[in-house]
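What follows is one structure encoded as structure tokens, with my remarks underneath.
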Amino acid sequence: MKWFALVFFFLAVFTANANELNRAFSGRVTSGGEAAPFVAVYVKDTQVGTTTDISGYFFLNEVSGADVTLVVKGMGYKTTYYTLEDNTINEEIHIDLEQDIMLLQQVVVSGSRVGVLRHLPGSVGIIGQDEITTTQAISGNEILRTIAGVHVVEEEGAGLRTNIGIRGLDPDKSRNVLILEDGIPVALAPYGEPEMYFTPNIDRMSGLEVMKGNGSILYGPQTIGGVINYITADPPAEATGSVNFRGGDWGFNNTRVTYGNTPDKTGYLVDFTRKQAENFGPTQFLLHDLHTRLHTQFSPVSQLGVKLSVYDEASNSTYVGLTQPMFDAGGMDDLRIAPDDILHVRRYAASLNHRYQLTNGMQLNTTAFAYTTTRNWNRQDFTYSSTASNLTGEWHGFPHEKDGAIYLRNSTGQRNRQFEVAGIEPRLSYSYTLGQRKAYMDAGVRYLYERAYEQRVNGTQAGVLSGDLRDEEVRTGHAFSTYLQNKFMLTDQLSLTAGLRSEVLEYEREILRANFTDTQISAKTTVFEVIPGMGLNYNFTDNLGLFAGIHRGFAPPRTKDAISNEGVDLQLEAEKSWNSEAGLRGAINMFEFEFTAFHMNFSNQVIPVSESSGGAGTGYINGGATMHQGIEMAFLLPLNNLFGNGWSADIMWNTTFVQAEFTGDRFVLQKRAINAEMENVYQNIKGNKTPYSPSITVSGGIQLISPAGIGLRLNGNYVGSQFTDVLNTQNVYHWIAIDQADTDYAYVQATANGRIGELDPFFTLNLNVWYNHAASGLGVNLGIKNFTNERYIATRRPQGIRAGLPRFISAGISYNF
């Protein structure tokens, strides 16, 4: 299959565009009479395109075909279609764009990082449709790594469970990041259980945006790390469809079909994906993702959008990973230690979005949404002790090393959870004048209901899907939020943004069964918080400016952790921080850049100790004060002028330096007394680095697209070393030797089970090449992930080592019609 794809690819390249008529166009894009810089201009359904320069001018060469439609997209502007006459050759055209005042709300993004972002008081990362397409990503993780400040930890390589940390925050199940799809939360339960066991399918996205500064306070509940918004495509203006197939190593195949149209004033889009792999490392999975979107315009001032989606996934995802000696020995990176483990995730979602233009400059945007998620996970029990009870006799690893072997037990634990979430949010956006100065206001309220049903079922032998009900409970949350943000244009160059958000959350936990005994335990707790934020922008020009901001970081405690199994309110505090940043953002002669310095000071950071984070407990605990500070740098350098008309060439780069450490006194068990006359010894971790916070991450690449539709993209990612526990354990064998020599104590760090130990730095390189034949709509592509076949430890979570994916080769064919 690989060789067939390669042959097909090169045959297509050498036979393309033999005798087609080529035309050239130049023109200018404006909005309200002013230049619209860095706006994408491309020929519809092709890869032929460019971006406007700082004055709004553009040039297109090698445009073939008689019936040509230009698509013009820019952030903060409504997408415009411009049809060229058959006899239009070497003529200058003018295109005027209408502004979209709903910037960063139910947004549509383009590739510009500057433009209207000059008035946003915080750091922002934006990924457009073209970058998603040319990256040929297996999952959204690969896309997110190209954004400064974002650290992604792989769990199974396919991105089914997203682990994202921003600016040194713990990436465990992305609980410190608010993840949205078209402005709507997607977590299991956004307040009570914000873990990401479902991840939006990157294949159907038209863009991604990451807000890390003051601009995130309009959203909630989490405002600690930042906001990631996945943006789905709008219905097309006319009948358009596509069929895409990609196949690769380890039985991987991905099939996607889309079709949409906008007859009259109502548009629709249907998007279906089927993705599977037989041996993606140790993981086998099959998922189906169906997404439909409707959009109708009742009048020039009233629009309604409807979205329905169904997601179904079955995988052999597991918690257990390799021990340290198993990884060191090699040859076991794809070992299925517990082959009967199985995870089912099913999600149904629906949303409505209505926009109504009340008056000139005033718009009401109302969103209502509801979704259910079922997450049932059956996992076989295991131990590191050869003398434990109820063993199956099956084991893996090295028994002579301490905790170096894994012994499977003849029992299972089924962790079954079902979630219901519903909410409504009306938001008013108003543009007005204050004296002689413009001002912009966003005000809104949000109500969210969530309920979680959880059961723990113990199976009495390996591989069974039923058993005895051990625990059962119901957790309910009602959250009410209000917010108000104003942007004041103090001068033509200086703007002030100030906002305030309040959160009121009522939790209830009902325990119906505990440890095989029926109970009736119920308790409630309430959380209230006011979250302020303020930012400044000073723009030297329309495309060069400074920004600075400060806001309160907030994340509520999980319901299950805030109320104990005995029904006691544990007074577990919300995570709180003060987040500040300052930076420079601009574009000089097509060179786009953003430099940001940031500082986050936590009065209390909640630390995961659950099984999913490699701990021995459940949930999270108050971790005390921590500090995160560093620098982010990102730039985009177009090199089109070096290659001539019709070529597109870019160099992309981002780097993050971060120092994340515990700044308050906190004592953690280091060694446990064996001798009754001795006492346990605790270590103060003040000054230690927080887990999974590499001090440096780098992502960079180069992309080149020829006028004939041939493209190449080369991306590299470097992740620095990182600790995986609060004691900052480096070499576990060092501690094992100390433990063996000490007869009075057992050392916590003396274990080779793979869950702790420093992660070495690693570098991966991805290569993508493609060819798109504009006239026929056919395209072919080839992707090589981890080109150098680097072997590295991606994570030690949840319970042992996960090796990074080795070299992965895939090829695909697409047809757009």
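Going through the structure tokens in order, the chains are called A, B, and so on, while each chain numbers its residues from 1 and the ligands are numbered from 1 in the order shown.
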Q. What lies within 12 Å of Asp650 (chain A) using only C-alpha atoms, ignoring chain neighbours under 6 positions off, as a PyMOL selection string?
A. chain A and resi 50-51+131+590-592+635-643+700-705+711-715
Q: Tell me which protein, DNA and RNA residues are within 6 Å of Gly149 (chain A), counting only C-alpha atoms, leaving out same-chain ones fewer than 6 positions away, and put them as a VMD selection string.
A: chain A and resid 166 to 167 656
Q. Closest to Trp653 (chain A) among A:Phe595, A:Tyr692, A:Tyr682, A:Trp770, using only C-alpha atoms?
A.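 The closest residue to Trp653 (chain A) is A:Phe595.
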Q) Contacts of Pro171 (chain A) at 8 Å or less, counting only C-alpha atoms, minus same-chain residues fewer than 5 places along, as a list of chain:residue names? A) A:His151, A:Val152, A:Val153, A:Asn163, A:Ile164, A:Gly165, A:Ile166, A:Asn176, A:Tyr692
Q. Out of region 386-611 of chain A, which residues get strand (DSSP E or B) from DSSP, as a PyMOL selection string?
A. chain A and resi 391-397+405-434+437-459+468-489+494-514+517-541+544-555+563+569+575-588+591-604+606-608
Using only C-alpha atoms, which residues sit within 10 Å of Phe382 (chain A) once same-chain residues fewer than 2 positions away are excluded, as a PDB file with N, CA, C and O atoms, in the first residue's frame?
```
ATOM      1  N   VAL A 320      -2.614   0.541  32.909  1.00  0.00           N
ATOM      2  CA  VAL A 320      -1.332  -0.075  33.225  1.00  0.00           C
ATOM      3  C   VAL A 320      -0.328   0.158  32.094  1.00  0.00           C
ATOM      4  O   VAL A 320      -0.644   0.015  30.915  1.00  0.00           O
ATOM      5  N   ILE A 337      -0.560  -5.378  27.930  1.00  0.00           N
ATOM      6  CA  ILE A 337      -0.390  -6.028  29.228  1.00  0.00           C
ATOM      7  C   ILE A 337      -1.715  -6.592  29.723  1.00  0.00           C
ATOM      8  O   ILE A 337      -1.769  -7.704  30.257  1.00  0.00           O
ATOM      9  N   ALA A 338      -2.792  -5.830  29.557  1.00  0.00           N
ATOM     10  CA  ALA A 338      -4.121  -6.284  29.983  1.00  0.00           C
ATOM     11  C   ALA A 338      -5.031  -6.274  28.762  1.00  0.00           C
ATOM     12  O   ALA A 338      -5.791  -5.322  28.540  1.00  0.00           O
ATOM     13  N   ARG A 379     -11.479  -2.610  33.514  1.00  0.00           N
ATOM     14  CA  ARG A 379     -10.031  -2.793  33.591  1.00  0.00           C
ATOM     15  C   ARG A 379      -9.697  -3.960  34.523  1.00  0.00           C
ATOM     16  O   ARG A 379     -10.255  -4.075  35.627  1.00  0.00           O
ATOM     17  N   GLN A 380      -8.782  -4.787  34.069  1.00  0.00           N
ATOM     18  CA  GLN A 380      -8.349  -5.927  34.876  1.00  0.00           C
ATOM     19  C   GLN A 380      -7.444  -5.447  36.002  1.00  0.00           C
ATOM     20  O   GLN A 380      -6.593  -4.574  35.811  1.00  0.00           O
ATOM     21  N   TYR A 384       2.121  -5.484  41.617  1.00  0.00           N
ATOM     22  CA  TYR A 384       3.561  -5.661  41.380  1.00  0.00           C
ATOM     23  C   TYR A 384       4.147  -6.729  42.310  1.00  0.00           C
ATOM     24  O   TYR A 384       5.362  -6.932  42.318  1.00  0.00           O
ATOM     25  N   SER A 385       3.300  -7.417  43.055  1.00  0.00           N
ATOM     26  CA  SER A 385       3.759  -8.427  44.014  1.00  0.00           C
ATOM     27  C   SER A 385       3.457  -9.833  43.512  1.00  0.00           C
ATOM     28  O   SER A 385       2.313 -10.151  43.178  1.00  0.00           O
ATOM     29  N   ALA A 388       0.897 -11.801  45.865  1.00  0.00           N
ATOM     30  CA  ALA A 388      -0.454 -11.294  46.085  1.00  0.00           C
ATOM     31  C   ALA A 388      -1.479 -12.397  45.837  1.00  0.00           C
ATOM     32  O   ALA A 388      -1.203 -13.401  45.171  1.00  0.00           O
ATOM     33  N   ASN A 390      -5.133 -14.139  44.478  1.00  0.00           N
ATOM     34  CA  ASN A 390      -6.024 -14.160  43.320  1.00  0.00           C
ATOM     35  C   ASN A 390      -5.312 -13.815  42.011  1.00  0.00           C
ATOM     36  O   ASN A 390      -5.825 -13.064  41.184  1.00  0.00           O
ATOM     37  N   LEU A 391      -4.113 -14.356  41.807  1.00  0.00           N
ATOM     38  CA  LEU A 391      -3.362 -14.127  40.572  1.00  0.00           C
ATOM     39  C   LEU A 391      -3.806 -15.110  39.499  1.00  0.00           C
ATOM     40  O   LEU A 391      -4.171 -16.259  39.781  1.00  0.00           O
ATOM     41  N   THR A 392      -3.732 -14.646  38.227  1.00  0.00           N
ATOM     42  CA  THR A 392      -4.089 -15.529  37.109  1.00  0.00           C
ATOM     43  C   THR A 392      -2.931 -16.423  36.691  1.00  0.00           C
ATOM     44  O   THR A 392      -3.135 -17.397  35.983  1.00  0.00           O
ATOM     45  N   TRP A 395       2.055 -12.936  33.872  1.00  0.00           N
ATOM     46  CA  TRP A 395       2.828 -11.789  34.334  1.00  0.00           C
ATOM     47  C   TRP A 395       3.779 -11.328  33.242  1.00  0.00           C
ATOM     48  O   TRP A 395       4.063 -12.054  32.292  1.00  0.00           O
ATOM     49  N   ILE A 406       4.803  -7.075  36.432  1.00  0.00           N
ATOM     50  CA  ILE A 406       3.370  -6.844  36.589  1.00  0.00           C
ATOM     51  C   ILE A 406       2.668  -8.190  36.604  1.00  0.00           C
ATOM     52  O   ILE A 406       2.833  -9.006  35.685  1.00  0.00           O
ATOM     53  N   TYR A 407       1.865  -8.441  37.642  1.00  0.00           N
ATOM     54  CA  TYR A 407       1.144  -9.698  37.811  1.00  0.00           C
ATOM     55  C   TYR A 407      -0.352  -9.411  37.701  1.00  0.00           C
ATOM     56  O   TYR A 407      -0.898  -8.579  38.442  1.00  0.00           O
ATOM     57  N   LEU A 408      -1.015 -10.084  36.771  1.00  0.00           N
ATOM     58  CA  LEU A 408      -2.438  -9.862  36.546  1.00  0.00           C
ATOM     59  C   LEU A 408      -3.270 -10.665  37.530  1.00  0.00           C
ATOM     60  O   LEU A 408      -2.962 -11.823  37.825  1.00  0.00           O
ATOM     61  N   ARG A 409      -4.331 -10.045  38.007  1.00  0.00           N
ATOM     62  CA  ARG A 409      -5.230 -10.688  38.952  1.00  0.00           C
ATOM     63  C   ARG A 409      -6.485 -11.215  38.248  1.00  0.00           C
ATOM     64  O   ARG A 409      -6.884 -10.696  37.190  1.00  0.00           O
ATOM     65  N   ASN A 410      -7.107 -12.175  38.870  1.00  0.00           N
ATOM     66  CA  ASN A 410      -8.298 -12.797  38.298  1.00  0.00           C
ATOM     67  C   ASN A 410      -9.548 -12.031  38.744  1.00  0.00           C
ATOM     68  O   ASN A 410     -10.478 -12.603  39.321  1.00  0.00           O
ATOM     69  N   SER A 411      -9.547 -10.739  38.477  1.00  0.00           N
ATOM     70  CA  SER A 411     -10.674  -9.879  38.841  1.00  0.00           C
ATOM     71  C   SER A 411     -10.621  -8.614  38.007  1.00  0.00           C
ATOM     72  O   SER A 411      -9.577  -8.283  37.421  1.00  0.00           O
ATOM     73  N   THR A 412     -11.736  -7.911  37.947  1.00  0.00           N
ATOM     74  CA  THR A 412     -11.811  -6.670  37.175  1.00  0.00           C
ATOM     75  C   THR A 412     -12.495  -5.593  38.007  1.00  0.00           C
ATOM     76  O   THR A 412     -13.213  -5.871  38.961  1.00  0.00           O
TER      77      THR A 412
END
```
Would you kindly return, as an mmCIF file with C-alpha atoms, in the first residue's frame, each protein, DNA or RNA residue with an atom no farther than 7 Å from any atom of Leu505 (chain A), considering only C-alpha atoms and excluding same-chain residues fewer than 4 positions away?
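Done, and the output landed in selection_6.cif:
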```
data_model
loop_
_atom_site.group_PDB
_atom_site.id
_atom_site.type_symbol
_atom_site.label_atom_id
_atom_site.label_comp_id
_atom_site.auth_asym_id
_atom_site.auth_seq_id
_atom_site.Cartn_x
_atom_site.Cartn_y
_atom_site.Cartn_z
ATOM 1 C CA GLY A 477 -24.336 20.621 40.148
ATOM 2 C CA HIS A 478 -26.142 23.886 39.399
ATOM 3 C CA ALA A 479 -23.955 26.798 38.302
ATOM 4 C CA PHE A 480 -24.928 30.389 37.632
ATOM 5 C CA THR A 526 -21.608 25.895 47.734
ATOM 6 C CA VAL A 527 -18.805 27.790 46.014
ATOM 7 C CA PHE A 528 -18.897 31.509 45.253
#
```
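Considering only C-alpha atoms, the residue among A:Glu594, A:Glu34, A:Glu278, A:Asp182 positioned nearest to Asp542 (chain A) is A:Glu34.
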